[in-house]
file work_24.cif (mmCIF, C-alpha atoms and all ligand atoms)
data_my_file
loop_
_atom_site.label_atom_id
_atom_site.label_comp_id
_atom_site.auth_asym_id
_atom_site.auth_seq_id
_atom_site.Cartn_x
_atom_site.Cartn_y
_atom_site.Cartn_z
CA MET A 14 50.30 159.88 53.72
CA ARG A 15 49.07 157.15 56.03
CA THR A 16 51.83 155.17 57.78
CA TYR A 17 51.46 151.49 58.66
CA LEU A 18 53.65 149.73 61.18
CA VAL A 19 53.60 146.04 60.31
CA THR A 20 55.24 143.64 62.78
CA GLY A 21 56.42 140.28 61.49
CA GLY A 22 56.29 141.52 57.89
CA ALA A 23 59.14 139.24 56.84
CA GLY A 24 57.10 136.14 57.67
CA PHE A 25 54.54 134.30 55.60
CA ILE A 26 51.32 136.27 56.08
CA GLY A 27 53.05 139.57 56.85
CA SER A 28 54.98 139.58 53.57
CA ASN A 29 51.87 138.65 51.59
CA TYR A 30 49.99 141.45 53.38
CA ILE A 31 52.71 144.00 52.49
CA HIS A 32 52.56 142.92 48.84
CA TYR A 33 48.77 143.12 48.90
CA MET A 34 48.80 146.61 50.40
CA PHE A 35 51.29 147.99 47.87
CA ARG A 36 49.31 146.42 45.04
CA LYS A 37 46.15 148.06 46.37
CA TYR A 38 47.37 151.47 47.53
CA GLY A 39 50.62 151.93 45.55
CA GLY A 40 52.52 155.06 46.56
CA SER A 41 49.72 156.50 48.66
CA ILE A 42 50.75 154.65 51.84
CA ARG A 43 53.99 154.10 53.71
CA ILE A 44 54.85 150.78 55.39
CA ILE A 45 57.41 150.25 58.13
CA ASN A 46 58.14 146.56 58.59
CA VAL A 47 59.49 145.65 62.04
CA ASP A 48 60.80 142.12 62.26
CA ALA A 49 63.41 140.35 64.39
CA LEU A 50 64.19 137.92 61.55
CA THR A 51 63.86 134.69 63.48
CA TYR A 52 64.16 131.44 61.52
CA ALA A 53 60.73 132.27 60.05
CA GLY A 54 61.55 135.80 58.90
CA ASN A 55 63.01 136.10 55.43
CA LEU A 56 63.86 139.38 53.71
CA GLU A 57 63.91 137.61 50.36
CA ASN A 58 60.12 137.64 50.67
CA LEU A 59 60.22 141.42 50.18
CA LYS A 60 62.99 141.75 47.64
CA ASP A 61 60.70 143.37 45.11
CA VAL A 62 59.60 146.20 47.44
CA GLU A 63 62.77 146.85 49.42
CA LYS A 64 63.96 149.71 47.22
CA GLN A 65 60.66 151.59 47.31
CA ASP A 66 60.83 155.00 49.05
CA ASN A 67 57.60 154.27 50.89
CA TYR A 68 58.89 151.00 52.42
CA THR A 69 61.26 150.75 55.39
CA PHE A 70 62.59 147.66 57.10
CA ILE A 71 63.70 147.88 60.72
CA ARG A 72 65.24 144.87 62.40
CA ALA A 73 63.89 144.94 65.95
CA ASP A 74 62.47 142.54 68.47
CA ILE A 75 58.96 143.30 69.70
CA ARG A 76 60.08 142.31 73.19
CA ASP A 77 62.54 145.23 73.15
CA ARG A 78 60.50 148.06 74.67
CA GLU A 79 63.05 150.80 74.02
CA ALA A 80 63.50 149.88 70.37
CA ILE A 81 59.75 149.76 69.77
CA GLU A 82 59.10 153.04 71.59
CA GLN A 83 61.85 154.65 69.52
CA ILE A 84 60.12 153.58 66.30
CA PHE A 85 56.90 155.24 67.48
CA ALA A 86 58.85 158.36 68.54
CA ASP A 87 60.57 158.62 65.14
CA ASN A 88 57.47 158.03 63.03
CA ASP A 89 53.87 159.20 63.07
CA ILE A 90 52.25 155.76 62.92
CA ASP A 91 48.56 155.62 61.94
CA ARG A 92 47.96 151.88 61.77
CA VAL A 93 49.58 148.97 63.56
CA VAL A 94 49.08 145.50 62.09
CA HIS A 95 50.59 143.10 64.58
CA PHE A 96 51.56 139.78 62.97
CA ALA A 97 54.88 139.08 64.73
CA ALA A 98 54.66 135.83 66.65
CA GLU A 99 56.06 132.40 67.09
CA SER A 100 53.58 130.60 64.91
CA HIS A 101 54.19 126.87 64.79
CA VAL A 102 52.25 124.51 67.08
CA ASP A 103 54.84 121.71 66.96
CA ARG A 104 57.62 124.07 68.05
CA SER A 105 55.42 125.34 70.90
CA ILE A 106 55.05 121.81 72.20
CA ARG A 107 58.85 121.45 72.36
CA ASN A 108 59.67 124.95 73.62
CA PRO A 109 56.74 126.91 75.08
CA GLU A 110 58.79 129.70 76.72
CA ILE A 111 59.59 131.68 73.59
CA PHE A 112 55.89 131.59 72.67
CA VAL A 113 54.94 133.32 75.90
CA GLU A 114 57.78 135.81 75.56
CA THR A 115 56.99 136.84 71.99
CA ASN A 116 53.25 136.29 71.71
CA VAL A 117 52.25 137.58 75.15
CA LEU A 118 54.97 139.92 76.40
CA GLY A 119 55.84 141.16 72.91
CA THR A 120 52.18 142.00 72.31
CA LEU A 121 52.09 143.92 75.59
CA VAL A 122 55.12 145.94 74.49
CA MET A 123 53.38 146.77 71.19
CA LEU A 124 50.14 147.80 72.93
CA ASN A 125 51.94 149.99 75.47
CA ALA A 126 54.18 151.67 72.90
CA ALA A 127 51.21 152.50 70.63
CA LYS A 128 49.14 153.69 73.57
CA LYS A 129 51.93 155.94 74.80
CA ALA A 130 52.40 157.43 71.32
CA TRP A 131 48.70 157.94 70.59
CA GLU A 132 47.28 159.00 73.96
CA LEU A 133 46.25 162.64 74.49
CA PRO A 134 46.42 164.40 77.88
CA ASP A 135 42.66 163.93 78.41
CA GLY A 136 42.95 160.13 78.03
CA THR A 137 41.46 160.02 74.51
CA TYR A 138 43.58 159.18 71.45
CA LYS A 139 44.83 161.03 68.40
CA GLU A 140 42.34 160.84 65.57
CA ASP A 141 42.12 157.89 63.18
CA LYS A 142 44.62 155.58 64.88
CA ARG A 143 44.09 151.81 64.89
CA PHE A 144 45.84 148.75 66.26
CA LEU A 145 44.98 145.33 64.81
CA TYR A 146 45.97 142.08 66.54
CA VAL A 147 46.22 139.17 64.13
CA SER A 148 44.75 136.29 66.10
CA THR A 149 43.85 132.75 65.15
CA ASP A 150 40.85 130.43 65.25
CA GLU A 151 42.96 128.14 67.45
CA VAL A 152 42.09 130.32 70.49
CA TYR A 153 38.62 128.70 70.39
CA GLY A 154 40.02 125.20 70.94
CA SER A 155 38.74 122.21 69.04
CA LEU A 156 35.39 121.34 67.47
CA GLU A 157 34.19 117.82 68.11
CA GLU A 158 31.53 115.55 66.62
CA GLY A 159 28.22 117.45 66.41
CA ASP A 160 29.72 120.94 66.87
CA THR A 161 28.95 123.57 64.22
CA TYR A 162 31.43 126.44 63.83
CA PHE A 163 33.53 128.91 65.76
CA TYR A 164 31.71 132.23 66.20
CA GLU A 165 33.06 135.46 67.67
CA THR A 166 31.12 134.58 70.81
CA THR A 167 32.58 131.07 71.18
CA PRO A 168 34.40 130.89 74.54
CA PHE A 169 38.16 130.57 74.40
CA ALA A 170 39.53 127.08 75.08
CA PRO A 171 43.08 126.93 73.68
CA HIS A 172 44.95 123.65 74.03
CA SER A 173 48.47 124.04 72.66
CA PRO A 174 51.11 126.36 74.12
CA TYR A 175 50.91 128.23 70.79
CA SER A 176 47.17 128.80 70.95
CA ALA A 177 47.29 129.58 74.69
CA SER A 178 49.91 132.27 74.04
CA LYS A 179 47.93 133.71 71.12
CA ALA A 180 44.80 133.73 73.29
CA SER A 181 46.69 135.66 75.97
CA GLY A 182 47.86 138.30 73.48
CA ASP A 183 44.32 138.43 72.09
CA MET A 184 42.75 138.95 75.53
CA LEU A 185 45.30 141.61 76.45
CA THR A 186 44.42 143.48 73.25
CA LYS A 187 40.72 143.29 74.11
CA ALA A 188 41.51 144.42 77.67
CA TYR A 189 43.09 147.59 76.27
CA TRP A 190 39.78 148.41 74.61
CA ASP A 191 37.68 147.49 77.62
CA THR A 192 39.90 149.34 80.08
CA TYR A 193 41.40 152.27 78.19
CA ARG A 194 39.18 152.48 75.09
CA PHE A 195 42.43 152.05 73.16
CA PRO A 196 41.39 151.71 69.47
CA ILE A 197 41.81 148.05 68.59
CA ASN A 198 40.44 145.33 66.36
CA ILE A 199 41.09 141.62 66.53
CA THR A 200 40.84 139.19 63.63
CA SER A 201 40.72 135.44 64.23
CA CYS A 202 41.64 133.64 61.07
CA SER A 203 41.68 130.00 60.03
CA ASN A 204 44.69 128.18 58.47
CA ASN A 205 46.35 130.12 55.66
CA TYR A 206 48.21 128.77 52.63
CA GLY A 207 49.98 130.41 49.70
CA PRO A 208 53.36 131.78 48.55
CA TYR A 209 56.22 132.30 51.05
CA GLN A 210 54.88 129.83 53.63
CA PHE A 211 57.69 128.24 55.63
CA PRO A 212 57.93 124.51 54.87
CA GLU A 213 57.35 123.44 58.47
CA LYS A 214 53.59 123.92 57.90
CA LEU A 215 51.50 121.18 56.29
CA ILE A 216 50.93 122.46 52.74
CA PRO A 217 54.45 123.68 51.80
CA LEU A 218 55.97 120.70 53.61
CA ILE A 219 53.93 118.26 51.54
CA ILE A 220 54.68 120.09 48.27
CA ASN A 221 58.41 120.23 49.05
CA ASN A 222 58.70 116.62 50.19
CA ALA A 223 56.58 115.21 47.35
CA LEU A 224 58.72 116.92 44.71
CA GLN A 225 61.79 115.26 46.23
CA GLY A 226 60.19 111.85 46.67
CA LYS A 227 60.44 112.16 50.46
CA LYS A 228 57.95 110.67 52.91
CA LEU A 229 54.78 112.66 53.60
CA PRO A 230 54.19 112.53 57.36
CA VAL A 231 50.53 112.34 58.40
CA TYR A 232 49.83 112.83 62.09
CA GLY A 233 47.42 110.35 63.69
CA ASP A 234 44.62 109.11 61.42
CA GLY A 235 44.89 112.05 58.98
CA LYS A 236 41.26 112.98 59.61
CA ASN A 237 41.85 116.20 61.56
CA VAL A 238 40.06 119.04 59.81
CA ARG A 239 41.34 122.55 59.06
CA ASP A 240 39.54 125.38 57.26
CA TRP A 241 42.02 126.59 54.62
CA LEU A 242 42.10 130.18 53.36
CA TYR A 243 44.25 131.59 50.57
CA VAL A 244 46.58 134.15 52.14
CA ASP A 245 45.56 137.06 49.85
CA ASP A 246 42.01 136.72 51.09
CA HIS A 247 43.31 137.08 54.65
CA ALA A 248 45.32 140.19 53.69
CA LYS A 249 42.22 141.70 52.13
CA ALA A 250 40.12 140.94 55.21
CA ILE A 251 42.65 142.62 57.52
CA ASP A 252 42.63 145.74 55.39
CA MET A 253 38.82 145.80 55.27
CA VAL A 254 38.56 145.40 59.05
CA GLN A 255 40.94 148.33 59.56
CA GLU A 256 38.93 150.43 57.12
CA LYS A 257 35.39 149.49 58.06
CA GLY A 258 35.43 147.47 61.30
CA ARG A 259 33.81 148.81 64.44
CA LEU A 260 36.41 149.69 67.05
CA GLY A 261 36.84 147.20 69.85
CA GLU A 262 35.34 144.39 67.76
CA ARG A 263 36.59 140.94 66.84
CA TYR A 264 36.01 139.48 63.37
CA ASN A 265 36.39 135.82 62.42
CA ILE A 266 37.94 135.16 59.01
CA GLY A 267 37.56 131.78 57.33
CA GLY A 268 37.54 130.09 53.98
CA HIS A 269 34.41 127.92 54.21
CA ASN A 270 36.84 125.29 53.04
CA GLU A 271 37.01 122.48 55.57
CA LYS A 272 39.18 119.55 54.62
CA GLN A 273 40.75 116.58 56.36
CA ASN A 274 44.55 116.58 56.26
CA ILE A 275 44.59 113.43 54.17
CA GLU A 276 42.28 115.07 51.61
CA ILE A 277 44.66 118.02 51.39
CA ILE A 278 47.59 115.70 50.79
CA ASN A 279 45.73 113.80 48.08
CA ILE A 280 44.68 117.04 46.35
CA ILE A 281 48.30 118.26 46.40
CA LEU A 282 49.57 115.00 44.90
CA GLU A 283 46.91 115.01 42.19
CA THR A 284 47.52 118.69 41.37
CA LEU A 285 51.27 118.15 41.20
CA GLN A 286 50.71 115.27 38.78
CA GLU A 287 48.47 117.46 36.61
CA MET A 288 50.88 120.41 36.62
CA LEU A 289 54.23 118.65 36.11
CA SER A 290 55.13 118.09 32.47
CA GLU A 291 55.85 114.59 31.19
CA ASP A 292 59.57 115.26 30.80
CA ASP A 293 59.99 116.66 34.33
CA PRO A 294 61.99 114.09 36.36
CA ARG A 295 60.05 115.04 39.52
CA LYS A 296 56.85 113.61 38.04
CA ALA A 297 57.99 110.06 38.72
CA LEU A 298 58.77 110.92 42.36
CA VAL A 299 55.32 112.27 43.22
CA SER A 300 53.33 109.33 44.51
CA LYS A 301 50.68 108.37 47.07
CA GLU A 302 53.11 105.68 48.24
CA LEU A 303 55.01 108.45 50.02
CA ILE A 304 52.13 108.96 52.48
CA THR A 305 53.37 107.79 55.88
CA TYR A 306 51.23 107.74 59.00
CA VAL A 307 53.29 108.87 62.00
CA GLU A 308 52.69 109.37 65.72
CA ASP A 309 49.97 111.92 66.44
CA ARG A 310 50.74 115.44 67.63
CA LYS A 311 50.27 115.76 71.42
CA GLY A 312 46.89 117.37 72.20
CA HIS A 313 46.07 117.51 68.47
CA ASP A 314 42.95 119.64 67.92
CA ARG A 315 40.41 117.68 65.89
CA ARG A 316 38.62 120.29 63.84
CA TYR A 317 38.70 124.04 63.21
CA ALA A 318 35.94 125.74 61.23
CA ILE A 319 35.01 129.41 61.05
CA ALA A 320 31.63 130.97 60.40
CA PRO A 321 32.64 134.26 58.74
CA ASP A 322 29.07 135.66 58.95
CA LYS A 323 29.88 138.79 60.95
CA ILE A 324 32.65 140.03 58.67
CA LYS A 325 30.46 139.33 55.64
CA GLU A 326 27.40 141.10 57.00
CA GLU A 327 29.14 144.11 58.59
CA ILE A 328 32.05 144.63 56.25
CA GLY A 329 31.23 142.79 53.04
CA TRP A 330 34.28 140.48 53.04
CA TYR A 331 34.00 136.92 51.77
CA PRO A 332 36.62 134.35 50.66
CA GLU A 333 37.24 134.82 46.94
CA THR A 334 39.81 132.16 46.08
CA MET A 335 38.46 128.64 45.75
CA PHE A 336 40.83 125.96 47.08
CA LYS A 337 41.25 124.37 43.65
CA GLU A 338 42.50 127.65 42.27
CA GLY A 339 44.49 128.67 45.37
CA ILE A 340 46.42 125.41 45.55
CA ARG A 341 47.37 125.70 41.86
CA LEU A 342 48.59 129.27 42.42
CA THR A 343 50.59 128.09 45.43
CA ILE A 344 52.17 125.14 43.62
CA GLN A 345 52.96 127.32 40.61
CA TRP A 346 54.66 129.80 42.95
CA PHE A 347 56.78 127.03 44.49
CA PHE A 348 57.70 125.79 40.98
CA GLU A 349 58.90 129.28 40.11
CA HIS A 350 60.74 129.81 43.40
CA GLU A 351 62.85 126.69 43.85
CA ASP A 352 65.73 128.84 45.10
CA TRP A 353 63.53 130.35 47.80
CA MET A 354 62.77 126.88 49.10
CA LYS A 355 66.43 125.88 48.95
CA ASN A 356 67.45 129.02 50.81
CA VAL A 357 64.92 128.74 53.61
CA THR A 358 65.71 125.11 54.14
CA SER A 359 69.46 125.73 54.13
CA GLY A 360 69.55 128.91 56.21
CA GLY A 361 70.75 130.80 53.15
CA TYR A 362 68.42 133.69 53.80
CA GLN A 363 70.46 134.69 56.84
CA LYS A 364 73.40 135.08 54.51
CA TYR A 365 71.17 137.17 52.27
CA TYR A 366 70.41 139.49 55.16
CA GLU A 367 74.09 139.91 56.08
CA GLU A 368 75.12 140.63 52.50
CA MET A 369 72.25 142.98 51.93
CA TYR A 370 72.35 145.04 55.11
CA GLN A 371 75.92 144.94 56.42
CA THR A 372 77.19 146.74 53.36
CA LYS A 373 74.67 149.56 53.80
P1 LIG A 401 55.54 133.26 60.46
O1 LIG A 401 56.13 132.38 61.49
O2 LIG A 401 55.69 132.92 59.01
O3 LIG A 401 56.10 134.75 60.63
C1 LIG A 401 56.29 135.34 61.88
C2 LIG A 401 57.19 136.56 61.69
O4 LIG A 401 57.34 137.20 62.97
C3 LIG A 401 58.59 136.21 61.19
O5 LIG A 401 58.97 137.11 60.17
C4 LIG A 401 59.47 136.39 62.43
O6 LIG A 401 60.79 136.78 62.13
C5 LIG A 401 58.71 137.48 63.18
N1 LIG A 401 58.98 137.45 64.62
C6 LIG A 401 58.92 136.37 65.44
N2 LIG A 401 59.27 136.74 66.69
C7 LIG A 401 59.52 138.08 66.66
C8 LIG A 401 59.89 139.03 67.63
N3 LIG A 401 60.09 138.67 68.90
N4 LIG A 401 60.03 140.32 67.25
C9 LIG A 401 59.84 140.69 65.95
N5 LIG A 401 59.50 139.82 65.00
C10 LIG A 401 59.34 138.53 65.34
O7 LIG A 401 54.00 133.38 60.85
P2 LIG A 401 52.70 133.54 59.94
O8 LIG A 401 52.22 132.20 59.57
O9 LIG A 401 52.98 134.55 58.89
O10 LIG A 401 51.69 134.15 60.99
C11 LIG A 401 51.61 135.56 61.21
C12 LIG A 401 50.58 135.85 62.28
O11 LIG A 401 49.31 135.35 61.87
C13 LIG A 401 50.88 135.21 63.63
O12 LIG A 401 50.51 136.13 64.64
C14 LIG A 401 49.97 133.99 63.65
O13 LIG A 401 49.64 133.63 64.96
C15 LIG A 401 48.78 134.50 62.87
N6 LIG A 401 47.98 133.47 62.18
C16 LIG A 401 48.62 132.57 61.34
C17 LIG A 401 47.83 131.65 60.65
C18 LIG A 401 48.48 130.67 59.69
O14 LIG A 401 47.79 129.83 59.13
N7 LIG A 401 49.77 130.76 59.40
C19 LIG A 401 46.45 131.63 60.81
C20 LIG A 401 45.85 132.57 61.67
C21 LIG A 401 46.63 133.48 62.34
P1 LIG A 402 49.95 122.99 60.56
O1 LIG A 402 50.24 123.40 59.16
O2 LIG A 402 51.11 122.82 61.50
O3 LIG A 402 48.91 124.05 61.13
P2 LIG A 402 48.07 124.04 62.55
O4 LIG A 402 48.63 123.01 63.43
O5 LIG A 402 48.32 125.43 63.07
O6 LIG A 402 46.65 123.80 62.16
O7 LIG A 402 49.16 121.63 60.54
C1 LIG A 402 47.93 121.50 59.84
C2 LIG A 402 47.38 120.12 60.12
O8 LIG A 402 48.24 119.16 59.50
C3 LIG A 402 47.35 119.75 61.59
O9 LIG A 402 46.18 118.96 61.83
C4 LIG A 402 48.60 118.91 61.79
C5 LIG A 402 48.76 118.22 60.47
N1 LIG A 402 50.15 117.92 60.05
C6 LIG A 402 50.50 116.64 59.62
O10 LIG A 402 49.66 115.73 59.59
N2 LIG A 402 51.77 116.42 59.22
C7 LIG A 402 52.73 117.37 59.24
O11 LIG A 402 53.91 117.10 58.89
C8 LIG A 402 52.36 118.69 59.68
C9 LIG A 402 53.37 119.80 59.73
C10 LIG A 402 51.05 118.92 60.07
#
call {"tool": "encode", "arguments": {"input": "work_24.cif", "output": "structure tokens"}}
result
Amino acid sequence: MRTYLVTGGAGFIGSNYIHYMFRKYGGSIRIINVDALTYAGNLENLKDVEKQDNYTFIRADIRDREAIEQIFADNDIDRVVHFAAESHVDRSIRNPEIFVETNVLGTLVMLNAAKKAWELPDGTYKEDKRFLYVSTDEVYGSLEEGDTYFYETTPFAPHSPYSASKASGDMLTKAYWDTYRFPINITSCSNNYGPYQFPEKLIPLIINNALQGKKLPVYGDGKNVRDWLYVDDHAKAIDMVQEKGRLGERYNIGGHNEKQNIEIINIILETLQEMLSEDDPRKALVSKELITYVEDRKGHDRRYAIAPDKIKEEIGWYPETMFKEGIRLTIQWFFEHEDWMKNVTSGGYQKYYEEMYQTK
């Protein structure tokens, strides 16, 4: 049975990836989820799989070399999918240090531990082992007027402490291929949205605030562009890259779905209006009057847009979920998981962890 080590599996994309993998492979794979449970990690995201025999959660920090090496010593890991990171740009502007510690040094710990576990005496590696670094399109910097898309060959030009730290982890991963022929892949994905996204990010923040009649903060002129991808499509792409990608290669993943932030906010408000029933008291709260222009983010990247040509041509992946459909699925999920939102915004999920794991 193939064993996956997923870091950051209690976060937004990691938990969606774990669900995707169990839906696809059922009992034929084993997943070990290693997560430090920072503010962004939430075991409630995995409630429905936590009792499965082929799923194990280990609370560990990727910066903790001994703990990570022990996990590799105790388990015959075949695939590493490395999501764990500090992921929010605004937080990185306020506190860059933790971004370097987790995203750069933590990645180095993961690379070294996997290399140590997989390396054979002749310097080659055990058969069929793969390490995937989940990178971001933000490593390429910002597209300006007249620019086309980010390609795999676009030079790195990160601007925020977040993207600079992700670029460092990304380049270290590539260096392990170039130097040691350590079996890696890198995926650089555009902005994700979907279930379980922490409400500090644009889409869940707008949904949550709109339903409570709270202001909807728009940075700057609201015309910054992001290329939004439904999170299941990202999970599928990661799996396909690990199955079919050429070792040592980078693959860009994007939704072909560029939208200005203000367009996203308007679509959310219109979709909420369509989906809320007439007798729902929240319907009267959802209004364009809530849109509030606020001070711009420092160093705010203007536009991100991915050309996913390479992954399509080499691997056959393409984005399947249209934004219209994906945003409805996301809003429906938030409607059905009001408690989740209450818990993550109140810190209740930490209590969940204590109750769940201290009694074991
Ligand atoms: P997230 O913030 O929702 O989740 C991050 C997870 O990592 C959390 O569960 C957290 O507890 C865990 N974590 C943080 N520090 C840790 C540490 N030191 N040790 C162990 N675990 C730790 O993030 P996300 O949005 O799910 O992003 C996951 C990955 O995908 C990140 O590497 C991010 O850079 C990348 N990415 C995100 C997007 C996006 O739109 N969200 C787009 C492209 C790439
Ligand atoms: P975000 O979800 O933080 O993702 P990223 O910065 O990684 O792209 O932000 C998406 C876009 O939305 C970005 O241009 C910043 C903008 N934004 C707002 O206008 N208001 C907000 O409250 C937030 C969180 C983001």
call {"tool": "closest_residue", "arguments": {"input": "work_24.cif", "among": "A:Asn116, A:Thr149, A:Thr137, A:Ser105", "to": "ligand LIG 401 (chain A)", "atoms": "all atoms listed in the file"}}
result
A:Thr149
call {"tool": "closest_residue", "arguments": {"input": "work_24.cif", "among": "A:His172, A:Lys249, A:Lys257, A:His269", "to": "A:Tyr38", "atoms": "only C-alpha atoms"}}
result
A:Lys249
call {"tool": "closest_residue", "arguments": {"input": "work_24.cif", "among": "A:Arg72, A:His247, A:Arg143, A:Arg341", "to": "A:Glu283", "atoms": "only C-alpha atoms"}}
result
A:Arg341
call {"tool": "atom_distance", "arguments": {"input": "work_24.cif", "atom1": "atom CA of A:Ser201", "atom2": "atom C19 of ligand LIG 401 (chain A)"}}
result
7.7 Å
call {"tool": "closest_atom_pairs", "arguments": {"input": "work_24.cif", "of": "chain A", "to": "ligand LIG 402 (chain A)", "cutoff": "9 Å", "atoms": "all atoms listed in the file", "output": "JSON lines"}}
result
{"residue": "A:Ser100", "atom": "CA", "partner": "A:LIG402", "partner_atom": "O5", "distance": 7.6}
{"residue": "A:His101", "atom": "CA", "partner": "A:LIG402", "partner_atom": "O2", "distance": 6.1}
{"residue": "A:Val102", "atom": "CA", "partner": "A:LIG402", "partner_atom": "O4", "distance": 5.4}
{"residue": "A:Asp103", "atom": "CA", "partner": "A:LIG402", "partner_atom": "O2", "distance": 6.7}
{"residue": "A:Thr149", "atom": "CA", "partner": "A:LIG402", "partner_atom": "O5", "distance": 8.8}
{"residue": "A:Glu151", "atom": "CA", "partner": "A:LIG402", "partner_atom": "O5", "distance": 7.4}
{"residue": "A:Tyr175", "atom": "CA", "partner": "A:LIG402", "partner_atom": "O5", "distance": 8.6}
{"residue": "A:Ser176", "atom": "CA", "partner": "A:LIG402", "partner_atom": "O5", "distance": 8.6}
{"residue": "A:Ser203", "atom": "CA", "partner": "A:LIG402", "partner_atom": "O6", "distance": 8.2}
{"residue": "A:Asn204", "atom": "CA", "partner": "A:LIG402", "partner_atom": "O6", "distance": 6.1}
{"residue": "A:Asn205", "atom": "CA", "partner": "A:LIG402", "partner_atom": "O1", "distance": 8.5}
{"residue": "A:Tyr206", "atom": "CA", "partner": "A:LIG402", "partner_atom": "O1", "distance": 8.7}
{"residue": "A:Pro212", "atom": "CA", "partner": "A:LIG402", "partner_atom": "C9", "distance": 8.2}
{"residue": "A:Glu213", "atom": "CA", "partner": "A:LIG402", "partner_atom": "C9", "distance": 5.5}
{"residue": "A:Lys214", "atom": "CA", "partner": "A:LIG402", "partner_atom": "O1", "distance": 3.6}
{"residue": "A:Leu215", "atom": "CA", "partner": "A:LIG402", "partner_atom": "O1", "distance": 3.8}
{"residue": "A:Ile216", "atom": "CA", "partner": "A:LIG402", "partner_atom": "O1", "distance": 6.5}
{"residue": "A:Pro217", "atom": "CA", "partner": "A:LIG402", "partner_atom": "O1", "distance": 8.5}
{"residue": "A:Leu218", "atom": "CA", "partner": "A:LIG402", "partner_atom": "C9", "distance": 6.7}
{"residue": "A:Ile219", "atom": "CA", "partner": "A:LIG402", "partner_atom": "O11", "distance": 7.4}
{"residue": "A:Leu229", "atom": "CA", "partner": "A:LIG402", "partner_atom": "O11", "distance": 7.0}
{"residue": "A:Pro230", "atom": "CA", "partner": "A:LIG402", "partner_atom": "O11", "distance": 4.8}
{"residue": "A:Val231", "atom": "CA", "partner": "A:LIG402", "partner_atom": "O10", "distance": 3.7}
{"residue": "A:Tyr232", "atom": "CA", "partner": "A:LIG402", "partner_atom": "O10", "distance": 3.8}
{"residue": "A:Gly233", "atom": "CA", "partner": "A:LIG402", "partner_atom": "O10", "distance": 7.1}
{"residue": "A:Asp234", "atom": "CA", "partner": "A:LIG402", "partner_atom": "O10", "distance": 8.5}
{"residue": "A:Gly235", "atom": "CA", "partner": "A:LIG402", "partner_atom": "O10", "distance": 6.1}
{"residue": "A:Lys236", "atom": "CA", "partner": "A:LIG402", "partner_atom": "O9", "distance": 8.1}
{"residue": "A:Asn237", "atom": "CA", "partner": "A:LIG402", "partner_atom": "O9", "distance": 5.1}
{"residue": "A:Val238", "atom": "CA", "partner": "A:LIG402", "partner_atom": "O9", "distance": 6.4}
{"residue": "A:Arg239", "atom": "CA", "partner": "A:LIG402", "partner_atom": "O6", "distance": 6.3}
{"residue": "A:Asp240", "atom": "CA", "partner": "A:LIG402", "partner_atom": "O6", "distance": 8.8}
{"residue": "A:Gln273", "atom": "CA", "partner": "A:LIG402", "partner_atom": "O9", "distance": 8.1}
{"residue": "A:Asn274", "atom": "CA", "partner": "A:LIG402", "partner_atom": "O8", "distance": 5.5}
{"residue": "A:Ile275", "atom": "CA", "partner": "A:LIG402", "partner_atom": "O10", "distance": 7.8}
{"residue": "A:Ile277", "atom": "CA", "partner": "A:LIG402", "partner_atom": "O8", "distance": 8.9}
{"residue": "A:Tyr306", "atom": "CA", "partner": "A:LIG402", "partner_atom": "O10", "distance": 8.2}
{"residue": "A:Val307", "atom": "CA", "partner": "A:LIG402", "partner_atom": "O10", "distance": 8.1}
{"residue": "A:Asp309", "atom": "CA", "partner": "A:LIG402", "partner_atom": "O10", "distance": 7.8}
{"residue": "A:Arg310", "atom": "CA", "partner": "A:LIG402", "partner_atom": "C4", "distance": 7.1}
{"residue": "A:His313", "atom": "CA", "partner": "A:LIG402", "partner_atom": "O9", "distance": 6.8}
{"residue": "A:Asp314", "atom": "CA", "partner": "A:LIG402", "partner_atom": "O9", "distance": 6.9}
{"residue": "A:Arg315", "atom": "CA", "partner": "A:LIG402", "partner_atom": "O9", "distance": 7.2}
{"residue": "A:Arg316", "atom": "CA", "partner": "A:LIG402", "partner_atom": "O9", "distance": 7.9}
{"residue": "A:Tyr317", "atom": "CA", "partner": "A:LIG402", "partner_atom": "O6", "distance": 8.0}
call {"tool": "residues_near_ligand", "arguments": {"input": "work_24.cif", "ligand": "ligand LIG 401 (chain A)", "cutoff": "7 Å", "atoms": "only C-alpha atoms and all ligand atoms", "output": "PyMOL selection string"}}
result
chain A and resi 20-27+47-55+73-76+95-101+115+119+147-150+179+201-206+210-211
call {"tool": "closest_residue", "arguments": {"input": "work_24.cif", "among": "A:Ile344, A:Asp191, A:Thr166, A:Leu282", "to": "A:Ala223", "atoms": "all atoms listed in the file"}}
result
A:Leu282
call {"tool": "closest_residue", "arguments": {"input": "work_24.cif", "among": "A:Val244, A:Val254, A:Leu118, A:Met354", "to": "A:Thr334", "atoms": "only C-alpha atoms"}}
result
A:Val244
call {"tool": "closest_residue", "arguments": {"input": "work_24.cif", "among": "A:Pro168, A:Gly258, A:Pro174, A:Gly154", "to": "A:Ile199", "atoms": "only C-alpha atoms"}}
result
A:Gly258
call {"tool": "axis_aligned_box", "arguments": {"input": "work_24.cif", "around": "stretch 254-269 of chain A", "padding_each_side": "5 Å", "output": "lines of an AutoDock Vina configuration file"}}
result
center_x = 37.4
center_y = 139.2
center_z = 61.9
size_x = 17.1
size_y = 32.5
size_z = 25.9
call {"tool": "atom_distance", "arguments": {"input": "work_24.cif", "atom1": "atom CA of A:Phe348", "atom2": "atom CA of A:Tyr331"}}
result
28.3 Å
call {"tool": "atom_distance", "arguments": {"input": "work_24.cif", "atom1": "atom CA of A:Thr16", "atom2": "atom CA of A:Asn265"}}
result
25.2 Å
